[in-house]
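Enquirer: Structure file final.txt (compact mmCIF, N, CA and C atoms) right here:
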# COMPACT_ATOMS: atom_id res chain seq x y z
N MET A 1389 -135.99 118.94 173.03
CA MET A 1389 -136.25 120.33 172.68
C MET A 1389 -136.31 120.48 171.16
N ASN A 1390 -137.05 121.47 170.72
CA ASN A 1390 -137.11 121.79 169.29
C ASN A 1390 -135.77 122.34 168.83
N SER A 1391 -135.51 122.23 167.57
CA SER A 1391 -134.30 122.79 166.99
C SER A 1391 -134.31 124.31 167.14
N SER A 1392 -133.15 124.88 167.44
CA SER A 1392 -133.05 126.34 167.55
C SER A 1392 -132.90 127.00 166.18
N ARG A 1393 -132.61 126.21 165.14
CA ARG A 1393 -132.33 126.77 163.82
C ARG A 1393 -133.45 127.67 163.29
N PRO A 1394 -134.73 127.25 163.33
CA PRO A 1394 -135.76 128.15 162.76
C PRO A 1394 -135.87 129.47 163.52
N TYR A 1395 -135.65 129.43 164.81
CA TYR A 1395 -135.72 130.66 165.62
C TYR A 1395 -134.56 131.58 165.28
N LEU A 1396 -133.38 131.00 165.12
CA LEU A 1396 -132.20 131.80 164.76
C LEU A 1396 -132.33 132.38 163.36
N VAL A 1397 -132.85 131.60 162.42
CA VAL A 1397 -133.04 132.10 161.06
C VAL A 1397 -133.96 133.31 161.06
N ARG A 1398 -135.09 133.20 161.77
CA ARG A 1398 -136.04 134.32 161.81
C ARG A 1398 -135.44 135.54 162.50
N ALA A 1399 -134.74 135.31 163.61
CA ALA A 1399 -134.14 136.44 164.34
C ALA A 1399 -133.05 137.12 163.52
N LEU A 1400 -132.20 136.34 162.87
CA LEU A 1400 -131.15 136.93 162.05
C LEU A 1400 -131.72 137.65 160.85
N TYR A 1401 -132.76 137.09 160.24
CA TYR A 1401 -133.42 137.76 159.12
C TYR A 1401 -133.90 139.15 159.56
N GLU A 1402 -134.60 139.20 160.67
CA GLU A 1402 -135.13 140.47 161.17
C GLU A 1402 -134.00 141.44 161.50
N TRP A 1403 -132.95 140.95 162.13
CA TRP A 1403 -131.81 141.78 162.49
C TRP A 1403 -131.14 142.37 161.26
N ILE A 1404 -130.95 141.55 160.23
CA ILE A 1404 -130.31 142.00 159.00
C ILE A 1404 -131.16 143.08 158.32
N VAL A 1405 -132.47 142.83 158.21
CA VAL A 1405 -133.37 143.79 157.57
C VAL A 1405 -133.44 145.09 158.39
N ASP A 1406 -133.51 144.98 159.72
CA ASP A 1406 -133.57 146.17 160.58
C ASP A 1406 -132.32 147.04 160.44
N ASN A 1407 -131.21 146.42 160.03
CA ASN A 1407 -129.97 147.17 159.85
C ASN A 1407 -129.77 147.60 158.40
N ASP A 1408 -130.87 147.62 157.63
CA ASP A 1408 -130.85 148.06 156.23
C ASP A 1408 -129.85 147.30 155.37
N CYS A 1409 -129.72 146.01 155.64
CA CYS A 1409 -128.86 145.16 154.83
C CYS A 1409 -129.72 144.15 154.07
N THR A 1410 -129.10 143.42 153.17
CA THR A 1410 -129.79 142.47 152.31
C THR A 1410 -129.57 141.05 152.81
N PRO A 1411 -130.62 140.38 153.32
CA PRO A 1411 -130.44 139.02 153.83
C PRO A 1411 -130.31 138.01 152.69
N HIS A 1412 -129.29 137.19 152.78
CA HIS A 1412 -129.08 136.10 151.83
C HIS A 1412 -129.06 134.80 152.61
N MET A 1413 -129.67 133.76 152.05
CA MET A 1413 -129.66 132.43 152.65
C MET A 1413 -128.85 131.49 151.77
N LEU A 1414 -127.96 130.74 152.39
CA LEU A 1414 -127.23 129.68 151.71
C LEU A 1414 -128.01 128.39 151.95
N VAL A 1415 -128.39 127.70 150.86
CA VAL A 1415 -129.29 126.55 150.95
C VAL A 1415 -128.67 125.33 150.30
N ASN A 1416 -128.84 124.18 150.94
CA ASN A 1416 -128.48 122.89 150.37
C ASN A 1416 -129.58 122.53 149.38
N SER A 1417 -129.32 122.69 148.11
CA SER A 1417 -130.36 122.49 147.09
C SER A 1417 -130.69 121.02 146.87
N GLU A 1418 -129.92 120.11 147.46
CA GLU A 1418 -130.17 118.67 147.31
C GLU A 1418 -130.88 118.06 148.51
N PHE A 1419 -131.19 118.87 149.50
CA PHE A 1419 -131.89 118.41 150.70
C PHE A 1419 -133.30 117.96 150.29
N PRO A 1420 -133.82 116.89 150.89
CA PRO A 1420 -135.17 116.41 150.53
C PRO A 1420 -136.23 117.51 150.67
N ALA A 1421 -137.12 117.58 149.71
CA ALA A 1421 -138.27 118.48 149.66
C ALA A 1421 -137.92 119.93 149.30
N VAL A 1422 -136.64 120.25 149.10
CA VAL A 1422 -136.27 121.61 148.68
C VAL A 1422 -136.84 121.86 147.29
N GLN A 1423 -137.44 123.03 147.12
CA GLN A 1423 -137.94 123.45 145.82
C GLN A 1423 -137.31 124.79 145.47
N VAL A 1424 -136.24 124.73 144.67
CA VAL A 1424 -135.56 125.91 144.17
C VAL A 1424 -135.27 125.67 142.70
N PRO A 1425 -135.10 126.73 141.91
CA PRO A 1425 -134.78 126.52 140.49
C PRO A 1425 -133.38 125.91 140.35
N GLN A 1426 -133.33 124.64 139.97
CA GLN A 1426 -132.07 123.90 139.93
C GLN A 1426 -131.05 124.48 138.97
N GLY A 1427 -131.48 125.12 137.93
CA GLY A 1427 -130.54 125.70 136.99
C GLY A 1427 -129.68 126.79 137.60
N PHE A 1428 -130.03 127.25 138.78
CA PHE A 1428 -129.29 128.32 139.43
C PHE A 1428 -128.44 127.81 140.59
N ALA A 1429 -128.54 126.52 140.90
CA ALA A 1429 -127.75 125.92 141.98
C ALA A 1429 -126.39 125.53 141.43
N SER A 1430 -125.39 125.53 142.31
CA SER A 1430 -124.04 125.14 141.92
C SER A 1430 -123.45 124.28 143.04
N ASP A 1431 -122.93 123.13 142.69
CA ASP A 1431 -122.33 122.22 143.67
C ASP A 1431 -123.29 121.88 144.82
N GLY A 1432 -124.57 121.75 144.49
CA GLY A 1432 -125.54 121.37 145.50
C GLY A 1432 -125.96 122.49 146.44
N GLN A 1433 -125.59 123.71 146.10
CA GLN A 1433 -125.95 124.85 146.94
C GLN A 1433 -126.48 125.99 146.08
N ILE A 1434 -127.28 126.84 146.72
CA ILE A 1434 -127.79 128.03 146.06
C ILE A 1434 -127.86 129.14 147.10
N VAL A 1435 -127.53 130.36 146.69
CA VAL A 1435 -127.66 131.53 147.55
C VAL A 1435 -128.91 132.27 147.12
N LEU A 1436 -129.79 132.53 148.07
CA LEU A 1436 -131.06 133.20 147.77
C LEU A 1436 -131.12 134.56 148.44
N ASN A 1437 -131.44 135.58 147.66
CA ASN A 1437 -131.69 136.92 148.19
C ASN A 1437 -133.12 136.89 148.71
N VAL A 1438 -133.29 137.01 150.03
CA VAL A 1438 -134.63 136.95 150.62
C VAL A 1438 -135.05 138.30 151.20
N SER A 1439 -134.52 139.37 150.63
CA SER A 1439 -134.88 140.71 151.10
C SER A 1439 -136.35 140.98 150.77
N PRO A 1440 -137.00 141.84 151.55
CA PRO A 1440 -138.41 142.16 151.29
C PRO A 1440 -138.67 142.69 149.89
N SER A 1441 -137.69 143.34 149.29
CA SER A 1441 -137.89 143.88 147.94
C SER A 1441 -137.67 142.82 146.85
N ALA A 1442 -137.07 141.68 147.21
CA ALA A 1442 -136.76 140.66 146.21
C ALA A 1442 -137.76 139.52 146.19
N VAL A 1443 -138.54 139.35 147.25
CA VAL A 1443 -139.46 138.21 147.33
C VAL A 1443 -140.87 138.68 147.66
N ARG A 1444 -141.82 137.78 147.39
CA ARG A 1444 -143.22 138.03 147.76
C ARG A 1444 -143.71 136.86 148.60
N HIS A 1445 -144.65 137.16 149.47
CA HIS A 1445 -145.31 136.14 150.29
C HIS A 1445 -144.31 135.31 151.11
N LEU A 1446 -143.33 135.98 151.70
CA LEU A 1446 -142.35 135.29 152.54
C LEU A 1446 -143.04 134.74 153.78
N HIS A 1447 -142.81 133.45 154.04
CA HIS A 1447 -143.36 132.80 155.23
C HIS A 1447 -142.27 131.96 155.87
N MET A 1448 -141.99 132.23 157.15
CA MET A 1448 -141.00 131.47 157.90
C MET A 1448 -141.67 130.85 159.11
N ASP A 1449 -141.58 129.53 159.23
CA ASP A 1449 -142.08 128.88 160.44
C ASP A 1449 -141.05 127.85 160.88
N ASN A 1450 -141.40 126.99 161.82
CA ASN A 1450 -140.43 126.04 162.34
C ASN A 1450 -140.12 124.90 161.39
N GLU A 1451 -140.88 124.77 160.32
CA GLU A 1451 -140.67 123.69 159.36
C GLU A 1451 -139.91 124.13 158.12
N ALA A 1452 -140.21 125.33 157.62
CA ALA A 1452 -139.64 125.74 156.33
C ALA A 1452 -139.74 127.24 156.13
N VAL A 1453 -139.04 127.71 155.10
CA VAL A 1453 -139.15 129.07 154.60
C VAL A 1453 -139.71 128.93 153.18
N SER A 1454 -140.76 129.70 152.89
CA SER A 1454 -141.32 129.65 151.54
C SER A 1454 -141.58 131.08 151.06
N PHE A 1455 -141.51 131.26 149.75
CA PHE A 1455 -141.73 132.57 149.16
C PHE A 1455 -141.78 132.43 147.65
N GLU A 1456 -142.13 133.53 147.00
CA GLU A 1456 -142.10 133.62 145.55
C GLU A 1456 -140.96 134.56 145.15
N GLY A 1457 -140.22 134.16 144.15
CA GLY A 1457 -139.12 134.98 143.68
C GLY A 1457 -138.95 134.81 142.18
N ARG A 1458 -138.15 135.69 141.58
CA ARG A 1458 -137.91 135.65 140.14
C ARG A 1458 -136.46 135.26 139.89
N PHE A 1459 -136.28 134.37 138.93
CA PHE A 1459 -134.95 133.95 138.51
C PHE A 1459 -134.90 134.08 137.01
N GLY A 1460 -134.00 134.92 136.54
CA GLY A 1460 -133.93 135.18 135.10
C GLY A 1460 -135.23 135.75 134.56
N GLY A 1461 -135.95 136.50 135.41
CA GLY A 1461 -137.21 137.11 135.01
C GLY A 1461 -138.41 136.19 135.07
N VAL A 1462 -138.18 134.92 135.44
CA VAL A 1462 -139.26 133.94 135.51
C VAL A 1462 -139.67 133.73 136.96
N PRO A 1463 -140.97 133.86 137.29
CA PRO A 1463 -141.40 133.66 138.68
C PRO A 1463 -141.33 132.19 139.09
N HIS A 1464 -140.93 131.96 140.34
CA HIS A 1464 -140.84 130.62 140.92
C HIS A 1464 -141.38 130.66 142.34
N THR A 1465 -141.96 129.56 142.76
CA THR A 1465 -142.34 129.37 144.16
C THR A 1465 -141.26 128.51 144.79
N LEU A 1466 -140.67 129.00 145.87
CA LEU A 1466 -139.58 128.29 146.52
C LEU A 1466 -140.04 127.77 147.88
N TYR A 1467 -139.52 126.60 148.24
CA TYR A 1467 -139.80 125.97 149.52
C TYR A 1467 -138.49 125.42 150.05
N VAL A 1468 -138.09 125.89 151.23
CA VAL A 1468 -136.81 125.49 151.80
C VAL A 1468 -137.04 124.96 153.22
N PRO A 1469 -136.96 123.63 153.40
CA PRO A 1469 -137.06 123.10 154.76
C PRO A 1469 -135.95 123.69 155.63
N ILE A 1470 -136.24 123.92 156.89
CA ILE A 1470 -135.28 124.55 157.79
C ILE A 1470 -133.94 123.81 157.79
N GLY A 1471 -133.97 122.49 157.73
CA GLY A 1471 -132.73 121.72 157.73
C GLY A 1471 -131.85 121.96 156.52
N ALA A 1472 -132.42 122.50 155.45
CA ALA A 1472 -131.65 122.77 154.24
C ALA A 1472 -130.93 124.11 154.30
N ILE A 1473 -131.26 124.94 155.28
CA ILE A 1473 -130.62 126.26 155.38
C ILE A 1473 -129.24 126.09 156.02
N LEU A 1474 -128.22 126.40 155.26
CA LEU A 1474 -126.84 126.26 155.72
C LEU A 1474 -126.31 127.54 156.35
N GLY A 1475 -126.97 128.67 156.07
CA GLY A 1475 -126.53 129.93 156.64
C GLY A 1475 -127.43 131.06 156.23
N ILE A 1476 -127.37 132.14 157.00
CA ILE A 1476 -128.08 133.38 156.67
C ILE A 1476 -127.14 134.52 157.05
N TYR A 1477 -126.98 135.47 156.13
CA TYR A 1477 -126.01 136.53 156.35
C TYR A 1477 -126.40 137.78 155.56
N ALA A 1478 -125.79 138.90 155.93
CA ALA A 1478 -125.99 140.17 155.23
C ALA A 1478 -125.02 140.24 154.04
N ARG A 1479 -125.56 140.49 152.86
CA ARG A 1479 -124.73 140.58 151.66
C ARG A 1479 -123.65 141.65 151.81
N GLU A 1480 -123.99 142.76 152.43
CA GLU A 1480 -123.09 143.91 152.48
C GLU A 1480 -121.83 143.69 153.32
N ASN A 1481 -121.94 142.90 154.39
CA ASN A 1481 -120.78 142.75 155.28
C ASN A 1481 -120.51 141.31 155.71
N GLY A 1482 -121.34 140.37 155.27
CA GLY A 1482 -121.13 138.96 155.60
C GLY A 1482 -121.52 138.56 157.01
N GLN A 1483 -122.05 139.50 157.79
CA GLN A 1483 -122.42 139.17 159.17
C GLN A 1483 -123.67 138.30 159.17
N GLY A 1484 -123.65 137.27 159.98
CA GLY A 1484 -124.76 136.35 160.09
C GLY A 1484 -124.31 135.08 160.77
N MET A 1485 -124.82 133.93 160.29
CA MET A 1485 -124.50 132.67 160.94
C MET A 1485 -124.49 131.54 159.92
N VAL A 1486 -123.54 130.63 160.10
CA VAL A 1486 -123.47 129.42 159.31
C VAL A 1486 -123.86 128.26 160.21
N PHE A 1487 -124.66 127.32 159.70
CA PHE A 1487 -125.14 126.20 160.48
C PHE A 1487 -124.44 124.91 160.05
N ASP A 1488 -124.35 123.96 160.96
CA ASP A 1488 -123.85 122.64 160.62
C ASP A 1488 -124.84 121.97 159.69
N LEU A 1489 -124.35 121.02 158.90
CA LEU A 1489 -125.23 120.23 158.06
C LEU A 1489 -126.21 119.48 158.95
N GLU A 1490 -127.44 119.40 158.51
CA GLU A 1490 -128.46 118.69 159.27
C GLU A 1490 -128.87 117.45 158.48
N SER A 1491 -129.03 116.36 159.20
CA SER A 1491 -129.47 115.13 158.55
C SER A 1491 -130.94 115.26 158.17
N PRO A 1492 -131.31 114.80 156.98
CA PRO A 1492 -132.72 114.83 156.60
C PRO A 1492 -133.54 113.77 157.32
N PHE A 1493 -132.88 112.93 158.13
CA PHE A 1493 -133.57 111.86 158.84
C PHE A 1493 -133.76 112.26 160.29
N GLU A 1494 -135.01 112.37 160.73
CA GLU A 1494 -135.30 112.86 162.07
C GLU A 1494 -134.94 111.88 163.17
N ASP A 1495 -134.72 110.60 162.85
CA ASP A 1495 -134.44 109.61 163.87
C ASP A 1495 -132.97 109.54 164.24
N ASP A 1496 -132.13 110.38 163.66
CA ASP A 1496 -130.71 110.36 163.97
C ASP A 1496 -130.48 111.03 165.32
N GLU A 1497 -130.55 110.26 166.40
CA GLU A 1497 -130.38 110.82 167.73
C GLU A 1497 -128.99 110.55 168.29
N THR A 1498 -128.33 109.51 167.82
CA THR A 1498 -127.01 109.16 168.33
C THR A 1498 -125.96 109.99 167.61
N ILE A 1499 -125.10 110.60 168.40
CA ILE A 1499 -124.02 111.41 167.85
C ILE A 1499 -122.73 110.63 168.05
N GLU A 1500 -121.91 110.55 167.01
CA GLU A 1500 -120.64 109.83 167.10
C GLU A 1500 -119.50 110.76 166.76
N ASN A 1501 -118.33 110.50 167.39
CA ASN A 1501 -117.15 111.27 167.02
C ASN A 1501 -116.46 110.58 165.84
N GLU A 1502 -115.31 111.07 165.44
CA GLU A 1502 -114.62 110.54 164.26
C GLU A 1502 -114.22 109.08 164.42
N ASP A 1503 -114.02 108.62 165.66
CA ASP A 1503 -113.64 107.23 165.91
C ASP A 1503 -114.84 106.30 165.98
N GLY A 1504 -116.06 106.85 165.84
CA GLY A 1504 -117.26 106.04 165.90
C GLY A 1504 -117.78 105.83 167.32
N ASP A 1505 -117.18 106.51 168.30
CA ASP A 1505 -117.63 106.38 169.68
C ASP A 1505 -118.94 107.12 169.88
N ASP A 1506 -119.85 106.53 170.61
CA ASP A 1506 -121.15 107.13 170.89
C ASP A 1506 -120.96 108.28 171.87
N LEU A 1507 -121.41 109.48 171.48
CA LEU A 1507 -121.28 110.67 172.33
C LEU A 1507 -122.60 111.08 172.95
N THR A 1508 -123.65 110.26 172.78
CA THR A 1508 -124.94 110.59 173.37
C THR A 1508 -124.82 110.50 174.88
N PRO A 1509 -125.21 111.56 175.62
CA PRO A 1509 -125.05 111.52 177.08
C PRO A 1509 -125.93 110.45 177.70
N PRO A 1510 -125.43 109.78 178.75
CA PRO A 1510 -126.28 108.78 179.41
C PRO A 1510 -127.51 109.43 180.01
N ASP A 1511 -128.58 108.63 180.18
CA ASP A 1511 -129.84 109.15 180.70
C ASP A 1511 -129.71 109.69 182.11
N SER A 1512 -128.72 109.23 182.87
CA SER A 1512 -128.60 109.65 184.26
C SER A 1512 -127.99 111.04 184.42
N GLU A 1513 -127.36 111.55 183.36
CA GLU A 1513 -126.74 112.88 183.44
C GLU A 1513 -127.51 113.86 182.56
N PRO A 1514 -127.74 115.08 183.05
CA PRO A 1514 -128.39 116.07 182.18
C PRO A 1514 -127.42 116.49 181.07
N PRO A 1515 -127.96 116.82 179.91
CA PRO A 1515 -127.09 117.27 178.82
C PRO A 1515 -126.42 118.58 179.18
N ARG A 1516 -125.19 118.74 178.70
CA ARG A 1516 -124.44 119.95 178.97
C ARG A 1516 -124.46 120.83 177.74
N PRO A 1517 -124.48 122.16 177.92
CA PRO A 1517 -124.45 123.04 176.74
C PRO A 1517 -123.12 122.88 176.02
N SER A 1518 -123.18 123.02 174.72
CA SER A 1518 -121.96 122.93 173.93
C SER A 1518 -121.66 124.28 173.32
N ALA A 1519 -120.41 124.57 173.15
CA ALA A 1519 -120.00 125.84 172.55
C ALA A 1519 -119.71 125.59 171.08
N GLY A 1520 -119.69 126.64 170.32
CA GLY A 1520 -119.33 126.52 168.92
C GLY A 1520 -120.49 126.74 168.00
N ARG A 1521 -120.47 126.02 166.90
CA ARG A 1521 -121.45 126.21 165.85
C ARG A 1521 -122.79 125.65 166.26
N VAL A 1522 -123.82 126.21 165.67
CA VAL A 1522 -125.19 125.77 165.93
C VAL A 1522 -125.51 124.62 165.02
For the structure just supplied, provide its representation as structure tokens.
Expert:
Amino acid sequence: MNSSRPYLVRALYEWIVDNDCTPHMLVNSEFPAVQVPQGFASDGQIVLNVSPSAVRHLHMDNEAVSFEGRFGGVPHTLYVPIGAILGIYARENGQGMVFDLESPFEDDETIENEDGDDLTPPDSEPPRPSAGRV
């Protein structure tokens, strides 16, 4: 199945805007292919105001979020792969969602626990839904 992250990002963005709040995205600025103004990142992360009044040409699809924004009065084109989005929330009340770190390598299919045990379900059993973080 496709990752649910891009669908959740788009839905939460719409929900936040519909409730007259300001959507902010927390982004891993060191994720491969991320294009954000590095001078504004701190500890490998940057918070982006993606409200309709703050950005132009916002485009969200299953691969990335892209838009034009101003930082220190200077226009920038930003490109954020979906895997780099660590969270999306409303500035006013913090409501939204935080995502687990995503590997930039698409071939990482095996999941291991802290002891290194393989947690990938055997082919003979259907996968079970998991609770918790996305």
Enquirer: What is the atom C of Phe1428 of chain A-atom N of Met1413 of chain A distance in Å, reported with one decimal?
Expert: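 Between these atoms lies a distance of 13.0 Å.
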Enquirer: Would you kindly identify which residues have an atom no farther than 9 Å from (-132.5, 130.3, 152.2), using only C-alpha atoms and the file's own coordinates, and write them out as a list in words?
Expert: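 Looking at atoms near the point gives His1412, Met1413, Leu1414, Val1415, Asn1416, Ile1434, Val1435, Leu1436, Asn1437, Val1438, Val1453, Ser1454, Tyr1467, Val1468, Pro1469, Ile1470, Ala1472, Ile1473, Leu1474, Gly1475 and Ile1476 of chain A.
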Enquirer: Take the residues from that selection and write them out as a PDB file, in the frame of the given file, keeping N, CA and C atoms.
Expert:
ATOM      1  N   HIS A1412    -129.290 137.190 152.780  1.00  0.00           N
ATOM      2  CA  HIS A1412    -129.080 136.100 151.830  1.00  0.00           C
ATOM      3  C   HIS A1412    -129.060 134.800 152.610  1.00  0.00           C
ATOM      4  N   MET A1413    -129.670 133.760 152.050  1.00  0.00           N
ATOM      5  CA  MET A1413    -129.660 132.430 152.650  1.00  0.00           C
ATOM      6  C   MET A1413    -128.850 131.490 151.770  1.00  0.00           C
ATOM      7  N   LEU A1414    -127.960 130.740 152.390  1.00  0.00           N
ATOM      8  CA  LEU A1414    -127.230 129.680 151.710  1.00  0.00           C
ATOM      9  C   LEU A1414    -128.010 128.390 151.950  1.00  0.00           C
ATOM     10  N   VAL A1415    -128.390 127.700 150.860  1.00  0.00           N
ATOM     11  CA  VAL A1415    -129.290 126.550 150.950  1.00  0.00           C
ATOM     12  C   VAL A1415    -128.670 125.330 150.300  1.00  0.00           C
ATOM     13  N   ASN A1416    -128.840 124.180 150.940  1.00  0.00           N
ATOM     14  CA  ASN A1416    -128.480 122.890 150.370  1.00  0.00           C
ATOM     15  C   ASN A1416    -129.580 122.530 149.380  1.00  0.00           C
ATOM     16  N   ILE A1434    -127.280 126.840 146.720  1.00  0.00           N
ATOM     17  CA  ILE A1434    -127.790 128.030 146.060  1.00  0.00           C
ATOM     18  C   ILE A1434    -127.860 129.140 147.100  1.00  0.00           C
ATOM     19  N   VAL A1435    -127.530 130.360 146.690  1.00  0.00           N
ATOM     20  CA  VAL A1435    -127.660 131.530 147.550  1.00  0.00           C
ATOM     21  C   VAL A1435    -128.910 132.270 147.120  1.00  0.00           C
ATOM     22  N   LEU A1436    -129.790 132.530 148.070  1.00  0.00           N
ATOM     23  CA  LEU A1436    -131.060 133.200 147.770  1.00  0.00           C
ATOM     24  C   LEU A1436    -131.120 134.560 148.440  1.00  0.00           C
ATOM     25  N   ASN A1437    -131.440 135.580 147.660  1.00  0.00           N
ATOM     26  CA  ASN A1437    -131.690 136.920 148.190  1.00  0.00           C
ATOM     27  C   ASN A1437    -133.120 136.890 148.710  1.00  0.00           C
ATOM     28  N   VAL A1438    -133.290 137.010 150.030  1.00  0.00           N
ATOM     29  CA  VAL A1438    -134.630 136.950 150.620  1.00  0.00           C
ATOM     30  C   VAL A1438    -135.050 138.300 151.200  1.00  0.00           C
ATOM     31  N   VAL A1453    -139.040 127.710 155.100  1.00  0.00           N
ATOM     32  CA  VAL A1453    -139.150 129.070 154.600  1.00  0.00           C
ATOM     33  C   VAL A1453    -139.710 128.930 153.180  1.00  0.00           C
ATOM     34  N   SER A1454    -140.760 129.700 152.890  1.00  0.00           N
ATOM     35  CA  SER A1454    -141.320 129.650 151.540  1.00  0.00           C
ATOM     36  C   SER A1454    -141.580 131.080 151.060  1.00  0.00           C
ATOM     37  N   TYR A1467    -139.520 126.600 148.240  1.00  0.00           N
ATOM     38  CA  TYR A1467    -139.800 125.970 149.520  1.00  0.00           C
ATOM     39  C   TYR A1467    -138.490 125.420 150.050  1.00  0.00           C
ATOM     40  N   VAL A1468    -138.090 125.890 151.230  1.00  0.00           N
ATOM     41  CA  VAL A1468    -136.810 125.490 151.800  1.00  0.00           C
ATOM     42  C   VAL A1468    -137.040 124.960 153.220  1.00  0.00           C
ATOM     43  N   PRO A1469    -136.960 123.630 153.400  1.00  0.00           N
ATOM     44  CA  PRO A1469    -137.060 123.100 154.760  1.00  0.00           C
ATOM     45  C   PRO A1469    -135.950 123.690 155.630  1.00  0.00           C
ATOM     46  N   ILE A1470    -136.240 123.920 156.890  1.00  0.00           N
ATOM     47  CA  ILE A1470    -135.280 124.550 157.790  1.00  0.00           C
ATOM     48  C   ILE A1470    -133.940 123.810 157.790  1.00  0.00           C
ATOM     49  N   ALA A1472    -132.420 122.500 155.450  1.00  0.00           N
ATOM     50  CA  ALA A1472    -131.650 122.770 154.240  1.00  0.00           C
ATOM     51  C   ALA A1472    -130.930 124.110 154.300  1.00  0.00           C
ATOM     52  N   ILE A1473    -131.260 124.940 155.280  1.00  0.00           N
ATOM     53  CA  ILE A1473    -130.620 126.260 155.380  1.00  0.00           C
ATOM     54  C   ILE A1473    -129.240 126.090 156.020  1.00  0.00           C
ATOM     55  N   LEU A1474    -128.220 126.400 155.260  1.00  0.00           N
ATOM     56  CA  LEU A1474    -126.840 126.260 155.720  1.00  0.00           C
ATOM     57  C   LEU A1474    -126.310 127.540 156.350  1.00  0.00           C
ATOM     58  N   GLY A1475    -126.970 128.670 156.070  1.00  0.00           N
ATOM     59  CA  GLY A1475    -126.530 129.930 156.640  1.00  0.00           C
ATOM     60  C   GLY A1475    -127.430 131.060 156.230  1.00  0.00           C
ATOM     61  N   ILE A1476    -127.370 132.140 157.000  1.00  0.00           N
ATOM     62  CA  ILE A1476    -128.080 133.380 156.670  1.00  0.00           C
ATOM     63  C   ILE A1476    -127.140 134.520 157.050  1.00  0.00           C
TER      64      ILE A1476
END
Enquirer: Which residues, written as a short mmCIF file (atom, residue, chain, number, x, y, z; two decimals) with N, CA and C atoms, in the frame of the given file, have at least one atom at most 6 Å from Thr1465 of chain A, with all atoms listed in the file counted and residues fewer than 3 positions away on the same chain left out?
Expert:
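Result saved to result.cif:
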data_model
loop_
_atom_site.label_atom_id
_atom_site.label_comp_id
_atom_site.auth_asym_id
_atom_site.auth_seq_id
_atom_site.Cartn_x
_atom_site.Cartn_y
_atom_site.Cartn_z
N GLN A 1423 -137.44 123.03 147.12
CA GLN A 1423 -137.94 123.45 145.82
C GLN A 1423 -137.31 124.79 145.47
N PHE A 1455 -141.51 131.26 149.75
CA PHE A 1455 -141.73 132.57 149.16
C PHE A 1455 -141.78 132.43 147.65
N GLU A 1456 -142.13 133.53 147.00
CA GLU A 1456 -142.10 133.62 145.55
C GLU A 1456 -140.96 134.56 145.15
N GLY A 1457 -140.22 134.16 144.15
CA GLY A 1457 -139.12 134.98 143.68
C GLY A 1457 -138.95 134.81 142.18
#
Enquirer: With only N, CA and C atoms counted, which protein, DNA or RNA residues have an atom no more than 8 Å from (-137.1, 129.6, 137.1) in the file frame? Please answer as a list in words.
Expert: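 The requested residues, written out, are Val1424, Pro1425, Gln1426, Gly1427, Phe1428, Gly1457, Arg1458, Phe1459, Gly1460, Gly1461, Val1462, Pro1463, His1464 and Thr1465 of chain A.
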Enquirer: Would you compute the distance between atom CA of Ile1404 of chain A and atom N of Ser1392 of chain A? Give it in Å to one decimal.
Expert: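 Computing the Euclidean distance for atom CA of Ile1404 of chain A and atom N of Ser1392 of chain A yields 19.3 Å.
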Enquirer: Quick check for you: according to DSSP on this backbone, which residues of segment 1419-1485 of chain A are classed as strand (DSSP E)? Reply as a ChimeraX atom specification.
Expert: /A:1433-1437,1444-1448,1452-1459,1462-1469,1473-1478,1484-1485
Enquirer: Quick one: distance from atom CA of Ser1441 of chain A to atom CA of Asn1407 of chain A in Å, one decimal?
Expert: 14.7 Å
Enquirer: Taking all atoms of segment 1472-1482 of chain A that the file lists and extending 5 Å past them on each side, where is the centre of the axis-aligned box and how long are its edges? Answer in Å to one decimal, as AutoDock Vina command-line options.
Expert:
--center_x -126.5 --center_y 133.2 --center_z 154.4 --size_x 21.9 --size_y 31.4 --size_z 15.4
Enquirer: If we count only N, CA and C atoms, what is near Asn1450 of chain A at a cut-off of 6 Å, once residues fewer than 2 positions away on the same chain are taken out, given as a list in words?
Expert: Pro1394, Met1448 and Ala1452 of chain A
Enquirer: How would the residues just picked look written out with N, CA and C atoms as an mmCIF file, in the frame of the given file?
Expert:
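To be explicit, this is the file written out as result-v5.cif:
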data_model
loop_
_atom_site.group_PDB
_atom_site.id
_atom_site.type_symbol
_atom_site.label_atom_id
_atom_site.label_comp_id
_atom_site.auth_asym_id
_atom_site.auth_seq_id
_atom_site.Cartn_x
_atom_site.Cartn_y
_atom_site.Cartn_z
ATOM 1 N N PRO A 1394 -134.730 127.250 163.330
ATOM 2 C CA PRO A 1394 -135.760 128.150 162.760
ATOM 3 C C PRO A 1394 -135.870 129.470 163.520
ATOM 4 N N MET A 1448 -141.990 132.230 157.150
ATOM 5 C CA MET A 1448 -141.000 131.470 157.900
ATOM 6 C C MET A 1448 -141.670 130.850 159.110
ATOM 7 N N ALA A 1452 -140.210 125.330 157.620
ATOM 8 C CA ALA A 1452 -139.640 125.740 156.330
ATOM 9 C C ALA A 1452 -139.740 127.240 156.130
#
Enquirer: Which one of A:Met1485, A:Ala1478, A:Met1389, A:Val1397 sits closest to Pro1411 of chain A if you count all atoms listed in the file?
Expert: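 When distances to Pro1411 of chain A are compared using all atoms listed in the file, the smallest one comes from A:Ala1478.
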Enquirer: For each of A:Asp1449, A:Asp1431, A:Pro1420, A:Gly1482, take the minimum atom-to-atom distance to Arg1398 of chain A, counting only N, CA and C atoms, then give the residue where this is smallest.
Expert: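 Between A:Asp1449, A:Asp1431, A:Pro1420, A:Gly1482, the residue approaching Arg1398 of chain A most closely is A:Asp1449.
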